Amino acid sequence: MVKDCVSARPTTTLAPTTPTTARPSPSTATTTITTTTARPSTSTATTTTTLATTTVRYPSQCSFDQNNLCLWIQSSDDDFDWTLQGGRTQTDGTGPLADHSIGNVQGKYLYIESSSPKDQGEFARLESPTLSSRRKTCMSLWYYMYGDSIGNLTILIKKGQNTKSENVLFNISGDQGQRWCHAVVEIPASPMVYDYKLVIQGEVGPGYLGDIAIDDILISETNCTVTKCNTPGVSATIVG
């Protein structure tokens, strides 16, 4: 048996252990636990542990027109990166002529280049900032899928920062015409607290006429509303 040497010293007053839970601000969802631990002297040590955090202010919108990815990042878990582009893509017969938000060469968007040396089945991924299950989330974007060799556009949810657990929320494939179309995914708030990221994946199709573009990503706490393509509507697969 190991005796408590600290309690045997009558001249030392131990500070009580006080757990404290910090309330999240409107722009964050953070739980902080502060624990005070007594030492064999009159001083104390404080340890702070962050459990679940999101630093995203809703709504969070990215048009790429400032020549950056806003809070989104290029994933390291893919074959190549999305390309930031203004104006048309490098290949005739596929891709948009301009971005969605501005509609001219000054506007920017992201796309996957499907020409050689890209191979069918290779993909690029874009990851959202960390989000929290405490908040209802709607994510929307505009996509352009025109060409004879279009592959797949997929939106996934990746739960936890150190896990491979992923679920498909949205998937569409094939030529959708020369137009920007709207896609949305909605993630309800959950009593189970966990962090997650949303992943936008563009996959190369069977040939070089397979450029896929995305623009105007919006993360908000409102109900999702789908805006149809110009003409006609788009058929997509919603999973989950």
# chains A, B, ... in the order shown; residues from 1 in each chain; ligands from 1
call {"tool": "residues_around", "arguments": {"residues": "Gly86 (chain A)", "least_positions_apart": "6", "cutoff": "6 Å", "atoms": "only C-alpha atoms", "output": "number ranges by chain"}}
result
A: 105, 107-108
call {"tool": "write_last_selection", "arguments": {"atoms": "C-alpha atoms", "output": "short mmCIF file (atom, residue, chain, number, x, y, z; two decimals), in the first residue's frame"}}
result
data_model
loop_
_atom_site.label_atom_id
_atom_site.label_comp_id
_atom_site.auth_asym_id
_atom_site.auth_seq_id
_atom_site.Cartn_x
_atom_site.Cartn_y
_atom_site.Cartn_z
CA VAL A 105 -12.69 35.28 -66.66
CA GLY A 107 -14.15 34.77 -61.42
CA LYS A 108 -12.52 31.63 -60.06
#
call {"tool": "residues_around", "arguments": {"residues": "Leu126 (chain A)", "least_positions_apart": "6", "cutoff": "8 Å", "atoms": "only C-alpha atoms", "output": "VMD selection string"}}
result
chain A and resid 72 to 75 82 199 to 201
call {"tool": "write_last_selection", "arguments": {"atoms": "all heavy atoms", "output": "PDB file, in the first residue's frame"}}
result
ATOM      1  N   TRP A  72     -11.278  25.742 -46.635  1.00  0.00           N
ATOM      2  CA  TRP A  72     -11.154  24.390 -47.166  1.00  0.00           C
ATOM      3  C   TRP A  72      -9.689  24.064 -47.451  1.00  0.00           C
ATOM      4  O   TRP A  72      -8.870  24.970 -47.658  1.00  0.00           O
ATOM      5  CB  TRP A  72     -11.985  24.250 -48.442  1.00  0.00           C
ATOM      6  CG  TRP A  72     -13.454  24.340 -48.185  1.00  0.00           C
ATOM      7  CD1 TRP A  72     -14.172  25.468 -47.891  1.00  0.00           C
ATOM      8  CD2 TRP A  72     -14.384  23.264 -48.168  1.00  0.00           C
ATOM      9  NE1 TRP A  72     -15.498  25.155 -47.695  1.00  0.00           N
ATOM     10  CE2 TRP A  72     -15.657  23.811 -47.857  1.00  0.00           C
ATOM     11  CE3 TRP A  72     -14.278  21.896 -48.400  1.00  0.00           C
ATOM     12  CZ2 TRP A  72     -16.801  23.031 -47.770  1.00  0.00           C
ATOM     13  CZ3 TRP A  72     -15.427  21.111 -48.321  1.00  0.00           C
ATOM     14  CH2 TRP A  72     -16.670  21.683 -48.004  1.00  0.00           C
ATOM     15  N   ILE A  73      -9.350  22.769 -47.465  1.00  0.00           N
ATOM     16  CA  ILE A  73      -7.969  22.364 -47.717  1.00  0.00           C
ATOM     17  C   ILE A  73      -7.931  21.226 -48.739  1.00  0.00           C
ATOM     18  O   ILE A  73      -8.873  20.439 -48.844  1.00  0.00           O
ATOM     19  CB  ILE A  73      -7.246  21.915 -46.425  1.00  0.00           C
ATOM     20  CG1 ILE A  73      -7.954  20.700 -45.800  1.00  0.00           C
ATOM     21  CG2 ILE A  73      -7.153  23.055 -45.423  1.00  0.00           C
ATOM     22  CD1 ILE A  73      -7.188  20.073 -44.655  1.00  0.00           C
ATOM     23  N   GLN A  74      -6.836  21.156 -49.481  1.00  0.00           N
ATOM     24  CA  GLN A  74      -6.587  20.028 -50.369  1.00  0.00           C
ATOM     25  C   GLN A  74      -6.232  18.816 -49.506  1.00  0.00           C
ATOM     26  O   GLN A  74      -5.373  18.898 -48.632  1.00  0.00           O
ATOM     27  CB  GLN A  74      -5.431  20.325 -51.324  1.00  0.00           C
ATOM     28  CG  GLN A  74      -5.615  21.561 -52.186  1.00  0.00           C
ATOM     29  CD  GLN A  74      -6.373  21.274 -53.475  1.00  0.00           C
ATOM     30  OE1 GLN A  74      -7.004  20.236 -53.646  1.00  0.00           O
ATOM     31  NE2 GLN A  74      -6.315  22.219 -54.408  1.00  0.00           N
ATOM     32  N   SER A  75      -6.906  17.703 -49.739  1.00  0.00           N
ATOM     33  CA  SER A  75      -6.661  16.505 -48.940  1.00  0.00           C
ATOM     34  C   SER A  75      -5.328  15.867 -49.331  1.00  0.00           C
ATOM     35  O   SER A  75      -4.884  15.961 -50.480  1.00  0.00           O
ATOM     36  CB  SER A  75      -7.795  15.500 -49.149  1.00  0.00           C
ATOM     37  OG  SER A  75      -7.512  14.279 -48.482  1.00  0.00           O
ATOM     38  N   TRP A  82      -7.293  19.512 -56.615  1.00  0.00           N
ATOM     39  CA  TRP A  82      -8.181  20.352 -57.401  1.00  0.00           C
ATOM     40  C   TRP A  82      -7.380  21.547 -57.924  1.00  0.00           C
ATOM     41  O   TRP A  82      -6.482  22.060 -57.257  1.00  0.00           O
ATOM     42  CB  TRP A  82      -9.348  20.853 -56.554  1.00  0.00           C
ATOM     43  CG  TRP A  82     -10.367  19.821 -56.193  1.00  0.00           C
ATOM     44  CD1 TRP A  82     -10.322  18.960 -55.140  1.00  0.00           C
ATOM     45  CD2 TRP A  82     -11.591  19.545 -56.887  1.00  0.00           C
ATOM     46  NE1 TRP A  82     -11.443  18.155 -55.130  1.00  0.00           N
ATOM     47  CE2 TRP A  82     -12.242  18.496 -56.185  1.00  0.00           C
ATOM     48  CE3 TRP A  82     -12.208  20.075 -58.021  1.00  0.00           C
ATOM     49  CZ2 TRP A  82     -13.471  17.982 -56.592  1.00  0.00           C
ATOM     50  CZ3 TRP A  82     -13.427  19.562 -58.425  1.00  0.00           C
ATOM     51  CH2 TRP A  82     -14.050  18.521 -57.712  1.00  0.00           C
ATOM     52  N   VAL A 199     -16.284  16.127 -47.327  1.00  0.00           N
ATOM     53  CA  VAL A 199     -15.272  15.910 -48.357  1.00  0.00           C
ATOM     54  C   VAL A 199     -15.929  15.968 -49.727  1.00  0.00           C
ATOM     55  O   VAL A 199     -16.932  15.282 -49.969  1.00  0.00           O
ATOM     56  CB  VAL A 199     -14.571  14.547 -48.170  1.00  0.00           C
ATOM     57  CG1 VAL A 199     -13.521  14.342 -49.255  1.00  0.00           C
ATOM     58  CG2 VAL A 199     -13.942  14.438 -46.780  1.00  0.00           C
ATOM     59  N   ILE A 200     -15.385  16.787 -50.614  1.00  0.00           N
ATOM     60  CA  ILE A 200     -15.863  16.872 -51.998  1.00  0.00           C
ATOM     61  C   ILE A 200     -14.842  16.155 -52.873  1.00  0.00           C
ATOM     62  O   ILE A 200     -13.674  16.545 -52.927  1.00  0.00           O
ATOM     63  CB  ILE A 200     -16.019  18.334 -52.446  1.00  0.00           C
ATOM     64  CG1 ILE A 200     -16.957  19.088 -51.493  1.00  0.00           C
ATOM     65  CG2 ILE A 200     -16.549  18.400 -53.871  1.00  0.00           C
ATOM     66  CD1 ILE A 200     -16.977  20.589 -51.731  1.00  0.00           C
ATOM     67  N   GLN A 201     -15.296  15.110 -53.541  1.00  0.00           N
ATOM     68  CA  GLN A 201     -14.389  14.262 -54.325  1.00  0.00           C
ATOM     69  C   GLN A 201     -14.770  14.271 -55.795  1.00  0.00           C
ATOM     70  O   GLN A 201     -15.916  14.002 -56.147  1.00  0.00           O
ATOM     71  CB  GLN A 201     -14.431  12.834 -53.780  1.00  0.00           C
ATOM     72  CG  GLN A 201     -13.596  11.831 -54.572  1.00  0.00           C
ATOM     73  CD  GLN A 201     -13.598  10.454 -53.933  1.00  0.00           C
ATOM     74  OE1 GLN A 201     -13.116  10.267 -52.824  1.00  0.00           O
ATOM     75  NE2 GLN A 201     -14.149   9.481 -54.643  1.00  0.00           N
TER      76      GLN A 201
END
call {"tool": "residues_around", "arguments": {"residues": "Thr154 (chain A)", "least_positions_apart": "6", "cutoff": "8 Å", "atoms": "only C-alpha atoms", "output": "ChimeraX atom specification"}}
result
/A:168-172,200-202
call {"tool": "write_last_selection", "arguments": {"atoms": "C-alpha atoms", "output": "short mmCIF file (atom, residue, chain, number, x, y, z; two decimals), in the first residue's frame"}}
result
data_model
loop_
_atom_site.label_atom_id
_atom_site.label_comp_id
_atom_site.auth_asym_id
_atom_site.auth_seq_id
_atom_site.Cartn_x
_atom_site.Cartn_y
_atom_site.Cartn_z
CA VAL A 168 -21.54 8.99 -49.03
CA LEU A 169 -24.11 11.82 -48.83
CA PHE A 170 -24.37 12.75 -52.52
CA ASN A 171 -23.19 11.26 -55.82
CA ILE A 172 -23.71 12.15 -59.45
CA ILE A 200 -15.86 16.87 -52.00
CA GLN A 201 -14.39 14.26 -54.33
CA GLY A 202 -13.99 14.53 -58.09
#
call {"tool": "residues_around", "arguments": {"residues": "Asp81 (chain A)", "least_positions_apart": "3", "cutoff": "12 Å", "atoms": "only C-alpha atoms", "output": "ChimeraX atom specification"}}
result
/A:69,73-78,84,110-114,118,122-127,200-203
call {"tool": "closest_residue", "arguments": {"among": "A:Asp216, A:Leu198, A:Thr89, A:Gln106", "to": "Glu166 (chain A)", "atoms": "only C-alpha atoms"}}
result
A:Leu198
call {"tool": "atom_distance", "arguments": {"atom1": "CA of Pro206 (chain A)", "atom2": "CA of Thr83 (chain A)"}}
result
19.4 Å
call {"tool": "closest_residue", "arguments": {"among": "A:Val204, A:Tyr109, A:Asp92, A:Thr137", "to": "Pro59 (chain A)", "atoms": "only C-alpha atoms"}}
result
A:Thr137
call {"tool": "closest_residue", "arguments": {"among": "A:Ser140, A:Gln178, A:Thr94, A:Gln85", "to": "Gln61 (chain A)", "atoms": "only C-alpha atoms"}}
result
A:Ser140
call {"tool": "residues_around", "arguments": {"residues": "Val184 (chain A)", "least_positions_apart": "4", "cutoff": "7 Å", "atoms": "only C-alpha atoms", "output": "ChimeraX atom specification"}}
result
/A:138-141,224,226
call {"tool": "write_last_selection", "arguments": {"atoms": "N, CA, C and O atoms", "output": "PDB file, in the first residue's frame"}}
result
ATOM      1  N   CYS A 138     -26.259  22.622 -43.316  1.00  0.00           N
ATOM      2  CA  CYS A 138     -26.571  22.440 -44.738  1.00  0.00           C
ATOM      3  C   CYS A 138     -25.355  22.899 -45.536  1.00  0.00           C
ATOM      4  O   CYS A 138     -24.857  24.008 -45.329  1.00  0.00           O
ATOM      5  N   MET A 139     -24.874  22.039 -46.402  1.00  0.00           N
ATOM      6  CA  MET A 139     -23.788  22.417 -47.296  1.00  0.00           C
ATOM      7  C   MET A 139     -24.283  22.367 -48.740  1.00  0.00           C
ATOM      8  O   MET A 139     -24.897  21.375 -49.152  1.00  0.00           O
ATOM      9  N   SER A 140     -24.052  23.435 -49.482  1.00  0.00           N
ATOM     10  CA  SER A 140     -24.457  23.463 -50.888  1.00  0.00           C
ATOM     11  C   SER A 140     -23.282  23.898 -51.747  1.00  0.00           C
ATOM     12  O   SER A 140     -22.349  24.559 -51.268  1.00  0.00           O
ATOM     13  N   LEU A 141     -23.330  23.522 -53.010  1.00  0.00           N
ATOM     14  CA  LEU A 141     -22.324  23.953 -53.975  1.00  0.00           C
ATOM     15  C   LEU A 141     -22.937  23.916 -55.369  1.00  0.00           C
ATOM     16  O   LEU A 141     -23.999  23.337 -55.601  1.00  0.00           O
ATOM     17  N   CYS A 224     -31.981  23.169 -46.044  1.00  0.00           N
ATOM     18  CA  CYS A 224     -31.448  23.086 -47.401  1.00  0.00           C
ATOM     19  C   CYS A 224     -32.544  23.335 -48.436  1.00  0.00           C
ATOM     20  O   CYS A 224     -33.664  22.845 -48.297  1.00  0.00           O
ATOM     21  N   VAL A 226     -32.924  23.278 -52.745  1.00  0.00           N
ATOM     22  CA  VAL A 226     -32.270  22.946 -54.013  1.00  0.00           C
ATOM     23  C   VAL A 226     -32.732  23.908 -55.098  1.00  0.00           C
ATOM     24  O   VAL A 226     -33.928  24.139 -55.277  1.00  0.00           O
TER      25      VAL A 226
END
call {"tool": "select_by_dssp", "arguments": {"residues": "region 171-233 of chain A", "states": "strand (DSSP E or B)", "output": "mmCIF file with all heavy atoms, in the first residue's frame"}}
result
data_model
loop_
_atom_site.group_PDB
_atom_site.id
_atom_site.type_symbol
_atom_site.label_atom_id
_atom_site.label_comp_id
_atom_site.auth_asym_id
_atom_site.auth_seq_id
_atom_site.Cartn_x
_atom_site.Cartn_y
_atom_site.Cartn_z
ATOM 1 N N ASN A 171 -24.011 11.743 -54.702
ATOM 2 C CA ASN A 171 -23.186 11.255 -55.816
ATOM 3 C C ASN A 171 -23.901 11.501 -57.133
ATOM 4 O O ASN A 171 -25.104 11.280 -57.244
ATOM 5 C CB ASN A 171 -22.885 9.760 -55.662
ATOM 6 C CG ASN A 171 -22.094 9.209 -56.839
ATOM 7 O OD1 ASN A 171 -22.653 8.634 -57.759
ATOM 8 N ND2 ASN A 171 -20.784 9.406 -56.824
ATOM 9 N N ILE A 172 -23.164 11.965 -58.111
ATOM 10 C CA ILE A 172 -23.710 12.154 -59.451
ATOM 11 C C ILE A 172 -22.601 11.860 -60.450
ATOM 12 O O ILE A 172 -21.417 12.115 -60.178
ATOM 13 C CB ILE A 172 -24.281 13.577 -59.639
ATOM 14 C CG1 ILE A 172 -25.067 13.684 -60.941
ATOM 15 C CG2 ILE A 172 -23.195 14.626 -59.563
ATOM 16 C CD1 ILE A 172 -25.886 14.961 -61.050
ATOM 17 N N SER A 173 -22.962 11.302 -61.606
ATOM 18 C CA SER A 173 -21.953 10.934 -62.587
ATOM 19 C C SER A 173 -22.475 11.190 -63.999
ATOM 20 O O SER A 173 -23.685 11.313 -64.225
ATOM 21 C CB SER A 173 -21.566 9.453 -62.429
ATOM 22 O OG SER A 173 -22.683 8.618 -62.644
ATOM 23 N N CYS A 181 -25.020 23.459 -62.071
ATOM 24 C CA CYS A 181 -26.128 22.844 -61.340
ATOM 25 C C CYS A 181 -25.870 22.893 -59.837
ATOM 26 O O CYS A 181 -24.722 23.007 -59.398
ATOM 27 C CB CYS A 181 -26.329 21.399 -61.786
ATOM 28 S SG CYS A 181 -26.845 21.236 -63.508
ATOM 29 N N HIS A 182 -26.948 22.761 -59.064
ATOM 30 C CA HIS A 182 -26.902 22.948 -57.614
ATOM 31 C C HIS A 182 -27.016 21.609 -56.902
ATOM 32 O O HIS A 182 -27.825 20.760 -57.276
ATOM 33 C CB HIS A 182 -28.072 23.850 -57.193
ATOM 34 C CG HIS A 182 -27.942 24.450 -55.851
ATOM 35 N ND1 HIS A 182 -29.012 24.633 -54.990
ATOM 36 C CD2 HIS A 182 -26.856 24.923 -55.183
ATOM 37 C CE1 HIS A 182 -28.594 25.197 -53.882
ATOM 38 N NE2 HIS A 182 -27.297 25.388 -53.966
ATOM 39 N N ALA A 183 -26.205 21.415 -55.873
ATOM 40 C CA ALA A 183 -26.278 20.215 -55.036
ATOM 41 C C ALA A 183 -26.264 20.627 -53.575
ATOM 42 O O ALA A 183 -25.571 21.579 -53.198
ATOM 43 C CB ALA A 183 -25.112 19.275 -55.317
ATOM 44 N N VAL A 184 -27.038 19.926 -52.744
ATOM 45 C CA VAL A 184 -27.070 20.205 -51.308
ATOM 46 C C VAL A 184 -27.022 18.901 -50.526
ATOM 47 O O VAL A 184 -27.488 17.858 -50.991
ATOM 48 C CB VAL A 184 -28.333 20.996 -50.891
ATOM 49 C CG1 VAL A 184 -28.403 22.338 -51.599
ATOM 50 C CG2 VAL A 184 -29.600 20.192 -51.163
ATOM 51 N N VAL A 185 -26.435 18.963 -49.327
ATOM 52 C CA VAL A 185 -26.513 17.871 -48.366
ATOM 53 C C VAL A 185 -26.850 18.477 -47.011
ATOM 54 O O VAL A 185 -26.391 19.569 -46.683
ATOM 55 C CB VAL A 185 -25.193 17.066 -48.271
ATOM 56 C CG1 VAL A 185 -24.910 16.337 -49.565
ATOM 57 C CG2 VAL A 185 -24.018 17.954 -47.895
ATOM 58 N N GLU A 186 -27.685 17.786 -46.249
ATOM 59 C CA GLU A 186 -28.101 18.276 -44.933
ATOM 60 C C GLU A 186 -27.708 17.268 -43.869
ATOM 61 O O GLU A 186 -27.961 16.075 -43.997
ATOM 62 C CB GLU A 186 -29.612 18.512 -44.912
ATOM 63 C CG GLU A 186 -30.115 19.172 -43.625
ATOM 64 C CD GLU A 186 -31.554 19.642 -43.744
ATOM 65 O OE1 GLU A 186 -31.858 20.383 -44.699
ATOM 66 O OE2 GLU A 186 -32.364 19.256 -42.881
ATOM 67 N N ILE A 187 -27.074 17.758 -42.801
ATOM 68 C CA ILE A 187 -26.654 16.921 -41.685
ATOM 69 C C ILE A 187 -27.390 17.418 -40.444
ATOM 70 O O ILE A 187 -27.110 18.511 -39.941
ATOM 71 C CB ILE A 187 -25.131 16.973 -41.458
ATOM 72 C CG1 ILE A 187 -24.380 16.517 -42.718
ATOM 73 C CG2 ILE A 187 -24.732 16.099 -40.276
ATOM 74 C CD1 ILE A 187 -23.996 17.633 -43.637
ATOM 75 N N ASP A 195 -16.840 15.347 -33.865
ATOM 76 C CA ASP A 195 -16.375 16.227 -34.923
ATOM 77 C C ASP A 195 -16.442 15.500 -36.266
ATOM 78 O O ASP A 195 -16.327 14.277 -36.324
ATOM 79 C CB ASP A 195 -14.926 16.656 -34.667
ATOM 80 C CG ASP A 195 -14.800 17.620 -33.500
ATOM 81 O OD1 ASP A 195 -15.827 18.164 -33.076
ATOM 82 O OD2 ASP A 195 -13.669 17.811 -33.017
ATOM 83 N N TYR A 196 -16.623 16.262 -37.330
ATOM 84 C CA TYR A 196 -16.608 15.653 -38.655
ATOM 85 C C TYR A 196 -16.159 16.672 -39.696
ATOM 86 O O TYR A 196 -16.130 17.881 -39.433
ATOM 87 C CB TYR A 196 -17.980 15.080 -39.025
ATOM 88 C CG TYR A 196 -19.067 16.117 -39.235
ATOM 89 C CD1 TYR A 196 -19.306 16.662 -40.495
ATOM 90 C CD2 TYR A 196 -19.869 16.545 -38.176
ATOM 91 C CE1 TYR A 196 -20.308 17.603 -40.697
ATOM 92 C CE2 TYR A 196 -20.873 17.473 -38.366
ATOM 93 C CZ TYR A 196 -21.088 18.004 -39.629
ATOM 94 O OH TYR A 196 -22.070 18.937 -39.819
ATOM 95 N N LYS A 197 -15.808 16.159 -40.865
ATOM 96 C CA LYS A 197 -15.500 16.997 -42.006
ATOM 97 C C LYS A 197 -16.331 16.536 -43.205
ATOM 98 O O LYS A 197 -16.673 15.364 -43.310
ATOM 99 C CB LYS A 197 -14.010 16.918 -42.361
ATOM 100 C CG LYS A 197 -13.098 17.570 -41.333
ATOM 101 C CD LYS A 197 -11.643 17.551 -41.799
ATOM 102 C CE LYS A 197 -10.745 18.266 -40.812
ATOM 103 N NZ LYS A 197 -9.331 18.303 -41.262
ATOM 104 N N LEU A 198 -16.634 17.466 -44.086
ATOM 105 C CA LEU A 198 -17.267 17.136 -45.356
ATOM 106 C C LEU A 198 -16.191 17.104 -46.434
ATOM 107 O O LEU A 198 -15.273 17.936 -46.436
ATOM 108 C CB LEU A 198 -18.339 18.162 -45.706
ATOM 109 C CG LEU A 198 -19.526 18.192 -44.731
ATOM 110 C CD1 LEU A 198 -20.452 19.362 -45.055
ATOM 111 C CD2 LEU A 198 -20.295 16.887 -44.748
ATOM 112 N N VAL A 199 -16.284 16.127 -47.327
ATOM 113 C CA VAL A 199 -15.272 15.910 -48.357
ATOM 114 C C VAL A 199 -15.929 15.968 -49.727
ATOM 115 O O VAL A 199 -16.932 15.282 -49.969
ATOM 116 C CB VAL A 199 -14.571 14.547 -48.170
ATOM 117 C CG1 VAL A 199 -13.521 14.342 -49.255
ATOM 118 C CG2 VAL A 199 -13.942 14.438 -46.780
ATOM 119 N N ILE A 200 -15.385 16.787 -50.614
ATOM 120 C CA ILE A 200 -15.863 16.872 -51.998
ATOM 121 C C ILE A 200 -14.842 16.155 -52.873
ATOM 122 O O ILE A 200 -13.674 16.545 -52.927
ATOM 123 C CB ILE A 200 -16.019 18.334 -52.446
ATOM 124 C CG1 ILE A 200 -16.957 19.088 -51.493
ATOM 125 C CG2 ILE A 200 -16.549 18.400 -53.871
ATOM 126 C CD1 ILE A 200 -16.977 20.589 -51.731
ATOM 127 N N GLN A 201 -15.296 15.110 -53.541
ATOM 128 C CA GLN A 201 -14.389 14.262 -54.325
ATOM 129 C C GLN A 201 -14.770 14.271 -55.795
ATOM 130 O O GLN A 201 -15.916 14.002 -56.147
ATOM 131 C CB GLN A 201 -14.431 12.834 -53.780
ATOM 132 C CG GLN A 201 -13.596 11.831 -54.572
ATOM 133 C CD GLN A 201 -13.598 10.454 -53.933
ATOM 134 O OE1 GLN A 201 -13.116 10.267 -52.824
ATOM 135 N NE2 GLN A 201 -14.149 9.481 -54.643
ATOM 136 N N GLY A 202 -13.811 14.601 -56.645
ATOM 137 C CA GLY A 202 -13.992 14.527 -58.087
ATOM 138 C C GLY A 202 -13.160 13.386 -58.643
ATOM 139 O O GLY A 202 -11.955 13.308 -58.387
ATOM 140 N N GLU A 203 -13.797 12.499 -59.419
ATOM 141 C CA GLU A 203 -13.131 11.300 -59.922
ATOM 142 C C GLU A 203 -13.042 11.331 -61.450
ATOM 143 O O GLU A 203 -14.016 11.662 -62.135
ATOM 144 C CB GLU A 203 -13.887 10.052 -59.476
ATOM 145 C CG GLU A 203 -13.251 8.744 -59.905
ATOM 146 C CD GLU A 203 -14.033 7.541 -59.412
ATOM 147 O OE1 GLU A 203 -14.701 7.646 -58.362
ATOM 148 O OE2 GLU A 203 -14.000 6.499 -60.103
ATOM 149 N N ILE A 212 -14.464 18.154 -64.264
ATOM 150 C CA ILE A 212 -15.556 18.432 -63.319
ATOM 151 C C ILE A 212 -15.188 19.680 -62.531
ATOM 152 O O ILE A 212 -14.090 19.757 -61.966
ATOM 153 C CB ILE A 212 -15.788 17.255 -62.360
ATOM 154 C CG1 ILE A 212 -16.215 16.005 -63.131
ATOM 155 C CG2 ILE A 212 -16.826 17.608 -61.294
ATOM 156 C CD1 ILE A 212 -16.336 14.757 -62.261
ATOM 157 N N ALA A 213 -16.093 20.664 -62.497
ATOM 158 C CA ALA A 213 -15.837 21.933 -61.804
ATOM 159 C C ALA A 213 -16.830 22.135 -60.664
ATOM 160 O O ALA A 213 -17.968 21.668 -60.725
ATOM 161 C CB ALA A 213 -15.935 23.098 -62.790
ATOM 162 N N ILE A 214 -16.383 22.859 -59.614
ATOM 163 C CA ILE A 214 -17.251 23.227 -58.490
ATOM 164 C C ILE A 214 -17.031 24.696 -58.142
ATOM 165 O O ILE A 214 -15.961 25.252 -58.409
ATOM 166 C CB ILE A 214 -16.993 22.348 -57.241
ATOM 167 C CG1 ILE A 214 -15.526 22.463 -56.802
ATOM 168 C CG2 ILE A 214 -17.370 20.896 -57.503
ATOM 169 C CD1 ILE A 214 -15.224 21.760 -55.479
ATOM 170 N N ASP A 215 -18.054 25.322 -57.563
ATOM 171 C CA ASP A 215 -17.954 26.742 -57.206
ATOM 172 C C ASP A 215 -18.983 27.063 -56.122
ATOM 173 O O ASP A 215 -19.933 26.323 -55.892
ATOM 174 C CB ASP A 215 -18.193 27.611 -58.450
ATOM 175 C CG ASP A 215 -17.669 29.029 -58.294
ATOM 176 O OD1 ASP A 215 -17.012 29.320 -57.277
ATOM 177 O OD2 ASP A 215 -17.915 29.854 -59.199
ATOM 178 N N ASP A 216 -18.773 28.203 -55.464
ATOM 179 C CA ASP A 216 -19.732 28.782 -54.516
ATOM 180 C C ASP A 216 -20.214 27.772 -53.471
ATOM 181 O O ASP A 216 -21.401 27.445 -53.389
ATOM 182 C CB ASP A 216 -20.921 29.384 -55.266
ATOM 183 C CG ASP A 216 -20.525 30.609 -56.073
ATOM 184 O OD1 ASP A 216 -19.586 31.312 -55.653
ATOM 185 O OD2 ASP A 216 -21.131 30.859 -57.125
ATOM 186 N N ILE A 217 -19.284 27.307 -52.653
ATOM 187 C CA ILE A 217 -19.623 26.389 -51.561
ATOM 188 C C ILE A 217 -20.169 27.193 -50.389
ATOM 189 O O ILE A 217 -19.585 28.201 -49.991
ATOM 190 C CB ILE A 217 -18.389 25.582 -51.119
ATOM 191 C CG1 ILE A 217 -17.767 24.844 -52.299
ATOM 192 C CG2 ILE A 217 -18.764 24.602 -50.015
ATOM 193 C CD1 ILE A 217 -16.464 24.147 -51.952
ATOM 194 N N LEU A 218 -21.275 26.744 -49.835
ATOM 195 C CA LEU A 218 -21.907 27.435 -48.704
ATOM 196 C C LEU A 218 -22.191 26.434 -47.589
ATOM 197 O O LEU A 218 -22.805 25.385 -47.824
ATOM 198 C CB LEU A 218 -23.208 28.104 -49.146
ATOM 199 C CG LEU A 218 -24.053 28.757 -48.041
ATOM 200 C CD1 LEU A 218 -23.303 29.933 -47.411
ATOM 201 C CD2 LEU A 218 -25.402 29.215 -48.596
ATOM 202 N N ILE A 219 -21.746 26.759 -46.372
ATOM 203 C CA ILE A 219 -22.093 25.992 -45.179
ATOM 204 C C ILE A 219 -22.942 26.891 -44.303
ATOM 205 O O ILE A 219 -22.525 27.986 -43.930
ATOM 206 C CB ILE A 219 -20.834 25.543 -44.407
ATOM 207 C CG1 ILE A 219 -19.964 24.637 -45.271
ATOM 208 C CG2 ILE A 219 -21.217 24.827 -43.126
ATOM 209 C CD1 ILE A 219 -18.664 24.227 -44.617
ATOM 210 N N SER A 220 -24.163 26.437 -43.967
ATOM 211 C CA SER A 220 -25.077 27.264 -43.190
ATOM 212 C C SER A 220 -25.870 26.400 -42.218
ATOM 213 O O SER A 220 -25.779 25.173 -42.233
ATOM 214 C CB SER A 220 -26.037 28.025 -44.112
ATOM 215 O OG SER A 220 -26.898 27.118 -44.780
#
